[in-house]
Amino acid sequence: MNKKLLDAMITQLNFEIESAFVYLAMKNYLETLSLDGFVNWFDVQFQEEMAHAQKFMDYINDRGGKVEIRGFETPRNDFESVLEVLETSLAHEKEVTRRIHNLMKIAYEVNDYPSISLLNWYVDEQVEEEDNFSSLIDKVKLVGGKGLYMLDKELATRVFVPINTAE
Ligand code: OFO
């Protein structure tokens with residue numbers, strides 16, 4: 001694999017792991033509010049991010065590259081409200097999207113067609129990731145404080161679906 005593309009992909013897989021820990025910290029903040037549905041939803045989000053990282057790792061290994069696990073920033077552990085958690089999440093996903101698009105740009109520069117094919121999956125996934133959080137923000141704004149309990153029940157039903165069967 002092209003060295004620049006491989007390095008950018010390794011950076012991205014580490015950012016996916018960092019994303020997992022961003023959501024794990026949020027999950028533990030939500031535990032303090034006893035919002036079990038939100039806790040479940042963010043736990044699934046944590047698992048999804050680890051699966052995103054794993055998908056990159058499997059691909060790099062398949063292409064004969066060497067994965068490196070790097071350090072990352074301590075995630076934010078305290079928030080003012082559920083809404084702030086969700087707005088921070090949406091901003092985070094927009095940053096992930098920007099990075100995935102940049103990765104795709106490099107894959108095109110070096111004409112790496114298998115990587116372009118792989119990255120198409122992530123481009124589509126990011127549309128869903130941003131939509132998930134913006135819909136949740138709309139719902140929380142709509143129901144306000146009292147309706148949060150009902151929304152919390154709805155979020156308790158989210159289950160983690162492994163990537164291969166989700167495709
Ligand atoms: Fe991996 O998509 Fe969210 O961060």
# chains A, B, ... in the order shown; residues from 1 in each chain; ligands from 1
$ residues_around --residues "Glu31 of chain A" --least-positions-apart "5" --cutoff "12 Å" --atoms "only C-alpha atoms" --output "number ranges by chain"
A: 24-26, 36-43, 77-78, 82
$ write_last_selection --atoms "N, CA and C atoms" --output "mmCIF file, in the first residue's frame"
data_model
loop_
_atom_site.group_PDB
_atom_site.id
_atom_site.type_symbol
_atom_site.label_atom_id
_atom_site.label_comp_id
_atom_site.auth_asym_id
_atom_site.auth_seq_id
_atom_site.Cartn_x
_atom_site.Cartn_y
_atom_site.Cartn_z
ATOM 1 N N LEU A 24 -17.554 6.285 25.473
ATOM 2 C CA LEU A 24 -17.521 5.557 26.750
ATOM 3 C C LEU A 24 -17.569 6.550 27.918
ATOM 4 N N ALA A 25 -16.854 7.659 27.781
ATOM 5 C CA ALA A 25 -16.882 8.699 28.830
ATOM 6 C C ALA A 25 -18.281 9.303 28.932
ATOM 7 N N MET A 26 -18.909 9.532 27.783
ATOM 8 C CA MET A 26 -20.275 10.083 27.790
ATOM 9 C C MET A 26 -21.241 9.102 28.452
ATOM 10 N N ASP A 36 -30.998 5.087 31.810
ATOM 11 C CA ASP A 36 -30.516 3.767 31.373
ATOM 12 C C ASP A 36 -30.590 3.561 29.861
ATOM 13 N N GLY A 37 -31.609 4.148 29.226
ATOM 14 C CA GLY A 37 -31.743 4.010 27.772
ATOM 15 C C GLY A 37 -30.602 4.725 27.055
ATOM 16 N N PHE A 38 -30.297 5.942 27.491
ATOM 17 C CA PHE A 38 -29.184 6.682 26.896
ATOM 18 C C PHE A 38 -27.869 5.946 27.151
ATOM 19 N N VAL A 39 -27.743 5.385 28.355
ATOM 20 C CA VAL A 39 -26.532 4.615 28.690
ATOM 21 C C VAL A 39 -26.381 3.463 27.704
ATOM 22 N N ASN A 40 -27.481 2.742 27.460
ATOM 23 C CA ASN A 40 -27.446 1.626 26.506
ATOM 24 C C ASN A 40 -27.075 2.119 25.114
ATOM 25 N N TRP A 41 -27.681 3.227 24.707
ATOM 26 C CA TRP A 41 -27.468 3.753 23.353
ATOM 27 C C TRP A 41 -25.991 4.118 23.159
ATOM 28 N N PHE A 42 -25.406 4.746 24.161
ATOM 29 C CA PHE A 42 -23.990 5.130 24.050
ATOM 30 C C PHE A 42 -23.058 3.922 24.183
ATOM 31 N N ASP A 43 -23.519 2.902 24.876
ATOM 32 C CA ASP A 43 -22.721 1.676 24.942
ATOM 33 C C ASP A 43 -22.646 1.027 23.551
ATOM 34 N N ASN A 77 -15.058 14.105 30.269
ATOM 35 C CA ASN A 77 -15.854 13.247 31.160
ATOM 36 C C ASN A 77 -17.049 13.947 31.800
ATOM 37 N N ASP A 78 -17.092 15.281 31.712
ATOM 38 C CA ASP A 78 -18.209 15.993 32.363
ATOM 39 C C ASP A 78 -18.939 16.908 31.398
ATOM 40 N N VAL A 82 -27.850 16.372 28.903
ATOM 41 C CA VAL A 82 -27.948 15.383 27.821
ATOM 42 C C VAL A 82 -27.779 16.081 26.477
#
$ closest_atom_pairs --of "chain A" --to "ligand 1" --cutoff "7 Å" --atoms "only C-alpha atoms and all ligand atoms" --output "tab-separated table"
residue	atom	partner	partner_atom_place_in_ligand_line	distance
A:Glu16	CA	ligand 1	1 (Fe)	5.2
A:Ser19	CA	ligand 1	4 (O)	5.0
A:Glu48	CA	ligand 1	1 (Fe)	7.0
A:Glu49	CA	ligand 1	1 (Fe)	4.7
A:His52	CA	ligand 1	1 (Fe)	5.4
A:His92	CA	ligand 1	4 (O)	6.8
A:Glu93	CA	ligand 1	4 (O)	5.2
A:Val96	CA	ligand 1	4 (O)	5.6
A:Glu125	CA	ligand 1	2 (O)	7.0
A:Gln126	CA	ligand 1	2 (O)	5.9
A:Glu129	CA	ligand 1	3 (Fe)	5.9
$ write_last_selection --atoms "N, CA, C and O atoms" --output "short mmCIF file (atom, residue, chain, number, x, y, z; two decimals), in the first residue's frame"
data_model
loop_
_atom_site.label_atom_id
_atom_site.label_comp_id
_atom_site.auth_asym_id
_atom_site.auth_seq_id
_atom_site.Cartn_x
_atom_site.Cartn_y
_atom_site.Cartn_z
N GLU A 16 -10.76 6.28 15.42
CA GLU A 16 -11.98 5.50 15.68
C GLU A 16 -11.94 4.95 17.12
O GLU A 16 -12.95 4.95 17.82
N SER A 19 -12.63 7.75 19.32
CA SER A 19 -14.08 8.02 19.30
C SER A 19 -14.80 7.08 20.25
O SER A 19 -15.72 7.49 20.97
N GLU A 48 -19.81 0.23 18.30
CA GLU A 48 -19.74 0.54 16.86
C GLU A 48 -18.40 1.15 16.48
O GLU A 48 -17.82 0.82 15.45
N GLU A 49 -17.93 2.06 17.33
CA GLU A 49 -16.64 2.72 17.01
C GLU A 49 -15.50 1.70 17.03
O GLU A 49 -14.60 1.75 16.18
N HIS A 52 -15.64 -0.05 13.86
CA HIS A 52 -15.09 0.76 12.76
C HIS A 52 -13.56 0.64 12.74
O HIS A 52 -12.94 0.54 11.68
N HIS A 92 -18.39 15.99 17.00
CA HIS A 92 -17.34 14.97 16.86
C HIS A 92 -17.52 14.19 15.56
O HIS A 92 -16.56 13.94 14.82
N GLU A 93 -18.77 13.81 15.27
CA GLU A 93 -19.02 13.04 14.04
C GLU A 93 -18.72 13.86 12.79
O GLU A 93 -18.26 13.32 11.77
N VAL A 96 -15.16 13.50 12.27
CA VAL A 96 -14.85 12.18 11.70
C VAL A 96 -15.13 12.20 10.19
O VAL A 96 -14.32 11.72 9.39
N GLU A 125 -21.52 5.38 6.10
CA GLU A 125 -21.71 5.23 7.54
C GLU A 125 -21.75 6.61 8.22
O GLU A 125 -22.54 6.83 9.14
N GLN A 126 -20.92 7.53 7.76
CA GLN A 126 -20.90 8.86 8.38
C GLN A 126 -22.20 9.62 8.16
O GLN A 126 -22.61 10.42 9.01
N GLU A 129 -24.24 8.25 10.89
CA GLU A 129 -23.76 8.70 12.21
C GLU A 129 -24.23 10.13 12.50
O GLU A 129 -24.74 10.43 13.58
#
$ closest_residue --among "A:Ser117, A:Asn111, A:Gln12, A:Asn2" --to "Phe56 of chain A" --atoms "only C-alpha atoms"
A:Gln12
$ residues_around --residues "Lys153 of chain A" --least-positions-apart "2" --cutoff "9 Å" --atoms "only C-alpha atoms" --output "list in words"
Leu35, Asp36, Gly37, Phe38, Leu148, Tyr149, Met150, Leu151, Leu155, Ala156 and Thr157 of chain A
$ write_last_selection --atoms "all heavy atoms" --output "mmCIF file, in the first residue's frame"
data_model
loop_
_atom_site.group_PDB
_atom_site.id
_atom_site.type_symbol
_atom_site.label_atom_id
_atom_site.label_comp_id
_atom_site.auth_asym_id
_atom_site.auth_seq_id
_atom_site.Cartn_x
_atom_site.Cartn_y
_atom_site.Cartn_z
ATOM 1 N N LEU A 35 -30.087 7.623 33.351
ATOM 2 C CA LEU A 35 -30.845 7.495 32.102
ATOM 3 C C LEU A 35 -30.390 6.208 31.416
ATOM 4 O O LEU A 35 -29.511 6.210 30.549
ATOM 5 C CB LEU A 35 -30.593 8.710 31.207
ATOM 6 C CG LEU A 35 -31.243 10.021 31.664
ATOM 7 C CD1 LEU A 35 -30.695 11.206 30.889
ATOM 8 C CD2 LEU A 35 -32.769 9.938 31.518
ATOM 9 N N ASP A 36 -30.998 5.087 31.810
ATOM 10 C CA ASP A 36 -30.516 3.767 31.373
ATOM 11 C C ASP A 36 -30.590 3.561 29.861
ATOM 12 O O ASP A 36 -29.753 2.868 29.280
ATOM 13 C CB ASP A 36 -31.315 2.655 32.067
ATOM 14 C CG ASP A 36 -31.101 2.672 33.573
ATOM 15 O OD1 ASP A 36 -30.135 3.333 34.023
ATOM 16 O OD2 ASP A 36 -31.907 2.056 34.305
ATOM 17 N N GLY A 37 -31.609 4.148 29.226
ATOM 18 C CA GLY A 37 -31.743 4.010 27.772
ATOM 19 C C GLY A 37 -30.602 4.725 27.055
ATOM 20 O O GLY A 37 -30.011 4.189 26.113
ATOM 21 N N PHE A 38 -30.297 5.942 27.491
ATOM 22 C CA PHE A 38 -29.184 6.682 26.896
ATOM 23 C C PHE A 38 -27.869 5.946 27.151
ATOM 24 O O PHE A 38 -26.994 5.896 26.288
ATOM 25 C CB PHE A 38 -29.102 8.112 27.473
ATOM 26 C CG PHE A 38 -30.030 9.087 26.807
ATOM 27 C CD1 PHE A 38 -31.327 9.276 27.290
ATOM 28 C CD2 PHE A 38 -29.629 9.824 25.704
ATOM 29 C CE1 PHE A 38 -32.192 10.183 26.684
ATOM 30 C CE2 PHE A 38 -30.487 10.731 25.089
ATOM 31 C CZ PHE A 38 -31.774 10.908 25.577
ATOM 32 N N LEU A 148 -38.113 13.306 28.466
ATOM 33 C CA LEU A 148 -36.847 12.587 28.397
ATOM 34 C C LEU A 148 -37.004 11.135 28.863
ATOM 35 O O LEU A 148 -36.352 10.237 28.352
ATOM 36 C CB LEU A 148 -35.813 13.321 29.267
ATOM 37 C CG LEU A 148 -34.367 13.354 28.791
ATOM 38 C CD1 LEU A 148 -34.245 13.783 27.341
ATOM 39 C CD2 LEU A 148 -33.548 14.295 29.678
ATOM 40 N N TYR A 149 -37.890 10.923 29.801
ATOM 41 C CA TYR A 149 -38.111 9.586 30.353
ATOM 42 C C TYR A 149 -38.615 8.626 29.269
ATOM 43 O O TYR A 149 -38.134 7.490 29.149
ATOM 44 C CB TYR A 149 -39.104 9.665 31.513
ATOM 45 C CG TYR A 149 -39.455 8.325 32.102
ATOM 46 C CD1 TYR A 149 -38.538 7.624 32.888
ATOM 47 C CD2 TYR A 149 -40.695 7.743 31.861
ATOM 48 C CE1 TYR A 149 -38.842 6.376 33.410
ATOM 49 C CE2 TYR A 149 -41.011 6.502 32.382
ATOM 50 C CZ TYR A 149 -40.097 5.816 33.152
ATOM 51 O OH TYR A 149 -40.404 4.585 33.660
ATOM 52 N N MET A 150 -39.572 9.103 28.451
ATOM 53 C CA MET A 150 -40.117 8.254 27.382
ATOM 54 C C MET A 150 -39.060 7.997 26.302
ATOM 55 O O MET A 150 -38.920 6.886 25.803
ATOM 56 C CB MET A 150 -41.349 8.914 26.730
ATOM 57 C CG MET A 150 -42.562 8.989 27.623
ATOM 58 S SD MET A 150 -42.966 7.396 28.407
ATOM 59 C CE MET A 150 -43.517 6.439 27.006
ATOM 60 N N LEU A 151 -38.313 9.052 25.975
ATOM 61 C CA LEU A 151 -37.254 8.911 24.972
ATOM 62 C C LEU A 151 -36.197 7.934 25.480
ATOM 63 O O LEU A 151 -35.672 7.103 24.723
ATOM 64 C CB LEU A 151 -36.635 10.294 24.708
ATOM 65 C CG LEU A 151 -35.573 10.381 23.611
ATOM 66 C CD1 LEU A 151 -36.096 9.840 22.279
ATOM 67 C CD2 LEU A 151 -35.116 11.833 23.434
ATOM 68 N N LEU A 155 -34.587 4.514 23.651
ATOM 69 C CA LEU A 155 -33.159 4.285 23.388
ATOM 70 C C LEU A 155 -32.644 2.998 24.025
ATOM 71 O O LEU A 155 -31.590 2.482 23.630
ATOM 72 C CB LEU A 155 -32.327 5.483 23.858
ATOM 73 C CG LEU A 155 -32.658 6.811 23.180
ATOM 74 C CD1 LEU A 155 -31.633 7.860 23.547
ATOM 75 C CD2 LEU A 155 -32.713 6.679 21.660
ATOM 76 N N ALA A 156 -33.405 2.484 24.975
ATOM 77 C CA ALA A 156 -33.017 1.223 25.622
ATOM 78 C C ALA A 156 -33.093 0.055 24.649
ATOM 79 O O ALA A 156 -32.521 -1.009 24.889
ATOM 80 C CB ALA A 156 -33.927 0.964 26.823
ATOM 81 N N THR A 157 -33.765 0.240 23.508
ATOM 82 C CA THR A 157 -33.964 -0.880 22.574
ATOM 83 C C THR A 157 -32.840 -1.008 21.543
ATOM 84 O O THR A 157 -32.816 -1.951 20.770
ATOM 85 C CB THR A 157 -35.299 -0.714 21.806
ATOM 86 O OG1 THR A 157 -35.223 0.497 21.036
ATOM 87 C CG2 THR A 157 -36.491 -0.639 22.741
#
$ closest_residue --among "A:Asn164, A:Thr97, A:Asn102, A:Thr88" --to "Ala51 of chain A" --atoms "only C-alpha atoms"
A:Asn164
$ select_by_dssp --residues "segment 69-146 of chain A" --states "alpha helix (DSSP H)" --output "ChimeraX atom specification"
/A:82-109,113-146
$ decode --residues "segment 31-44 of chain A" --atoms "all heavy atoms" --output "PDB file, in the first residue's frame"
ATOM      1  N   GLU A  31     -24.692   7.683  33.074  1.00  0.00           N
ATOM      2  CA  GLU A  31     -24.974   6.796  34.227  1.00  0.00           C
ATOM      3  C   GLU A  31     -25.300   7.643  35.459  1.00  0.00           C
ATOM      4  O   GLU A  31     -26.150   7.269  36.268  1.00  0.00           O
ATOM      5  CB  GLU A  31     -23.757   5.924  34.555  1.00  0.00           C
ATOM      6  CG  GLU A  31     -23.476   4.791  33.585  1.00  0.00           C
ATOM      7  CD  GLU A  31     -24.224   3.505  33.924  1.00  0.00           C
ATOM      8  OE1 GLU A  31     -25.137   3.544  34.763  1.00  0.00           O
ATOM      9  OE2 GLU A  31     -23.894   2.471  33.307  1.00  0.00           O
ATOM     10  N   THR A  32     -24.634   8.781  35.606  1.00  0.00           N
ATOM     11  CA  THR A  32     -24.857   9.613  36.802  1.00  0.00           C
ATOM     12  C   THR A  32     -26.250  10.245  36.783  1.00  0.00           C
ATOM     13  O   THR A  32     -26.731  10.701  37.803  1.00  0.00           O
ATOM     14  CB  THR A  32     -23.787  10.737  36.939  1.00  0.00           C
ATOM     15  OG1 THR A  32     -23.969  11.693  35.881  1.00  0.00           O
ATOM     16  CG2 THR A  32     -22.373  10.190  36.921  1.00  0.00           C
ATOM     17  N   LEU A  33     -26.887  10.290  35.601  1.00  0.00           N
ATOM     18  CA  LEU A  33     -28.244  10.841  35.506  1.00  0.00           C
ATOM     19  C   LEU A  33     -29.295   9.731  35.578  1.00  0.00           C
ATOM     20  O   LEU A  33     -30.491   9.989  35.472  1.00  0.00           O
ATOM     21  CB  LEU A  33     -28.414  11.607  34.194  1.00  0.00           C
ATOM     22  CG  LEU A  33     -27.419  12.746  33.897  1.00  0.00           C
ATOM     23  CD1 LEU A  33     -27.768  13.411  32.574  1.00  0.00           C
ATOM     24  CD2 LEU A  33     -27.424  13.783  35.017  1.00  0.00           C
ATOM     25  N   SER A  34     -28.837   8.484  35.693  1.00  0.00           N
ATOM     26  CA  SER A  34     -29.723   7.297  35.727  1.00  0.00           C
ATOM     27  C   SER A  34     -30.615   7.199  34.490  1.00  0.00           C
ATOM     28  O   SER A  34     -31.765   6.768  34.582  1.00  0.00           O
ATOM     29  CB  SER A  34     -30.585   7.286  36.993  1.00  0.00           C
ATOM     30  OG  SER A  34     -29.753   7.295  38.125  1.00  0.00           O
ATOM     31  N   LEU A  35     -30.087   7.623  33.351  1.00  0.00           N
ATOM     32  CA  LEU A  35     -30.845   7.495  32.102  1.00  0.00           C
ATOM     33  C   LEU A  35     -30.390   6.208  31.416  1.00  0.00           C
ATOM     34  O   LEU A  35     -29.511   6.210  30.549  1.00  0.00           O
ATOM     35  CB  LEU A  35     -30.593   8.710  31.207  1.00  0.00           C
ATOM     36  CG  LEU A  35     -31.243  10.021  31.664  1.00  0.00           C
ATOM     37  CD1 LEU A  35     -30.695  11.206  30.889  1.00  0.00           C
ATOM     38  CD2 LEU A  35     -32.769   9.938  31.518  1.00  0.00           C
ATOM     39  N   ASP A  36     -30.998   5.087  31.810  1.00  0.00           N
ATOM     40  CA  ASP A  36     -30.516   3.767  31.373  1.00  0.00           C
ATOM     41  C   ASP A  36     -30.590   3.561  29.861  1.00  0.00           C
ATOM     42  O   ASP A  36     -29.753   2.868  29.280  1.00  0.00           O
ATOM     43  CB  ASP A  36     -31.315   2.655  32.067  1.00  0.00           C
ATOM     44  CG  ASP A  36     -31.101   2.672  33.573  1.00  0.00           C
ATOM     45  OD1 ASP A  36     -30.135   3.333  34.023  1.00  0.00           O
ATOM     46  OD2 ASP A  36     -31.907   2.056  34.305  1.00  0.00           O
ATOM     47  N   GLY A  37     -31.609   4.148  29.226  1.00  0.00           N
ATOM     48  CA  GLY A  37     -31.743   4.010  27.772  1.00  0.00           C
ATOM     49  C   GLY A  37     -30.602   4.725  27.055  1.00  0.00           C
ATOM     50  O   GLY A  37     -30.011   4.189  26.113  1.00  0.00           O
ATOM     51  N   PHE A  38     -30.297   5.942  27.491  1.00  0.00           N
ATOM     52  CA  PHE A  38     -29.184   6.682  26.896  1.00  0.00           C
ATOM     53  C   PHE A  38     -27.869   5.946  27.151  1.00  0.00           C
ATOM     54  O   PHE A  38     -26.994   5.896  26.288  1.00  0.00           O
ATOM     55  CB  PHE A  38     -29.102   8.112  27.473  1.00  0.00           C
ATOM     56  CG  PHE A  38     -30.030   9.087  26.807  1.00  0.00           C
ATOM     57  CD1 PHE A  38     -31.327   9.276  27.290  1.00  0.00           C
ATOM     58  CD2 PHE A  38     -29.629   9.824  25.704  1.00  0.00           C
ATOM     59  CE1 PHE A  38     -32.192  10.183  26.684  1.00  0.00           C
ATOM     60  CE2 PHE A  38     -30.487  10.731  25.089  1.00  0.00           C
ATOM     61  CZ  PHE A  38     -31.774  10.908  25.577  1.00  0.00           C
ATOM     62  N   VAL A  39     -27.743   5.385  28.355  1.00  0.00           N
ATOM     63  CA  VAL A  39     -26.532   4.615  28.690  1.00  0.00           C
ATOM     64  C   VAL A  39     -26.381   3.463  27.704  1.00  0.00           C
ATOM     65  O   VAL A  39     -25.305   3.232  27.141  1.00  0.00           O
ATOM     66  CB  VAL A  39     -26.595   4.101  30.149  1.00  0.00           C
ATOM     67  CG1 VAL A  39     -25.532   3.045  30.404  1.00  0.00           C
ATOM     68  CG2 VAL A  39     -26.452   5.259  31.128  1.00  0.00           C
ATOM     69  N   ASN A  40     -27.481   2.742  27.460  1.00  0.00           N
ATOM     70  CA  ASN A  40     -27.446   1.626  26.506  1.00  0.00           C
ATOM     71  C   ASN A  40     -27.075   2.119  25.114  1.00  0.00           C
ATOM     72  O   ASN A  40     -26.240   1.525  24.434  1.00  0.00           O
ATOM     73  CB  ASN A  40     -28.819   0.942  26.460  1.00  0.00           C
ATOM     74  CG  ASN A  40     -28.886  -0.068  25.332  1.00  0.00           C
ATOM     75  OD1 ASN A  40     -28.195  -1.089  25.351  1.00  0.00           O
ATOM     76  ND2 ASN A  40     -29.676   0.210  24.303  1.00  0.00           N
ATOM     77  N   TRP A  41     -27.681   3.227  24.707  1.00  0.00           N
ATOM     78  CA  TRP A  41     -27.468   3.753  23.353  1.00  0.00           C
ATOM     79  C   TRP A  41     -25.991   4.118  23.159  1.00  0.00           C
ATOM     80  O   TRP A  41     -25.390   3.801  22.129  1.00  0.00           O
ATOM     81  CB  TRP A  41     -28.371   4.977  23.130  1.00  0.00           C
ATOM     82  CG  TRP A  41     -28.610   5.295  21.691  1.00  0.00           C
ATOM     83  CD1 TRP A  41     -29.645   4.866  20.915  1.00  0.00           C
ATOM     84  CD2 TRP A  41     -27.779   6.126  20.847  1.00  0.00           C
ATOM     85  NE1 TRP A  41     -29.514   5.371  19.637  1.00  0.00           N
ATOM     86  CE2 TRP A  41     -28.385   6.142  19.567  1.00  0.00           C
ATOM     87  CE3 TRP A  41     -26.608   6.838  21.044  1.00  0.00           C
ATOM     88  CZ2 TRP A  41     -27.851   6.854  18.495  1.00  0.00           C
ATOM     89  CZ3 TRP A  41     -26.062   7.540  19.976  1.00  0.00           C
ATOM     90  CH2 TRP A  41     -26.690   7.547  18.720  1.00  0.00           C
ATOM     91  N   PHE A  42     -25.406   4.746  24.161  1.00  0.00           N
ATOM     92  CA  PHE A  42     -23.990   5.130  24.050  1.00  0.00           C
ATOM     93  C   PHE A  42     -23.058   3.922  24.183  1.00  0.00           C
ATOM     94  O   PHE A  42     -21.950   3.934  23.639  1.00  0.00           O
ATOM     95  CB  PHE A  42     -23.633   6.248  25.055  1.00  0.00           C
ATOM     96  CG  PHE A  42     -23.949   7.607  24.487  1.00  0.00           C
ATOM     97  CD1 PHE A  42     -25.244   8.110  24.510  1.00  0.00           C
ATOM     98  CD2 PHE A  42     -22.970   8.362  23.868  1.00  0.00           C
ATOM     99  CE1 PHE A  42     -25.552   9.346  23.940  1.00  0.00           C
ATOM    100  CE2 PHE A  42     -23.256   9.598  23.292  1.00  0.00           C
ATOM    101  CZ  PHE A  42     -24.549  10.094  23.325  1.00  0.00           C
ATOM    102  N   ASP A  43     -23.519   2.902  24.876  1.00  0.00           N
ATOM    103  CA  ASP A  43     -22.721   1.676  24.942  1.00  0.00           C
ATOM    104  C   ASP A  43     -22.646   1.027  23.551  1.00  0.00           C
ATOM    105  O   ASP A  43     -21.587   0.565  23.120  1.00  0.00           O
ATOM    106  CB  ASP A  43     -23.328   0.696  25.958  1.00  0.00           C
ATOM    107  CG  ASP A  43     -22.453  -0.538  26.100  1.00  0.00           C
ATOM    108  OD1 ASP A  43     -21.278  -0.377  26.473  1.00  0.00           O
ATOM    109  OD2 ASP A  43     -22.917  -1.645  25.786  1.00  0.00           O
ATOM    110  N   VAL A  44     -23.774   1.034  22.850  1.00  0.00           N
ATOM    111  CA  VAL A  44     -23.789   0.503  21.476  1.00  0.00           C
ATOM    112  C   VAL A  44     -22.896   1.361  20.583  1.00  0.00           C
ATOM    113  O   VAL A  44     -22.137   0.848  19.741  1.00  0.00           O
ATOM    114  CB  VAL A  44     -25.241   0.432  20.930  1.00  0.00           C
ATOM    115  CG1 VAL A  44     -25.248   0.070  19.448  1.00  0.00           C
ATOM    116  CG2 VAL A  44     -26.070  -0.575  21.723  1.00  0.00           C
TER     117      VAL A  44
END
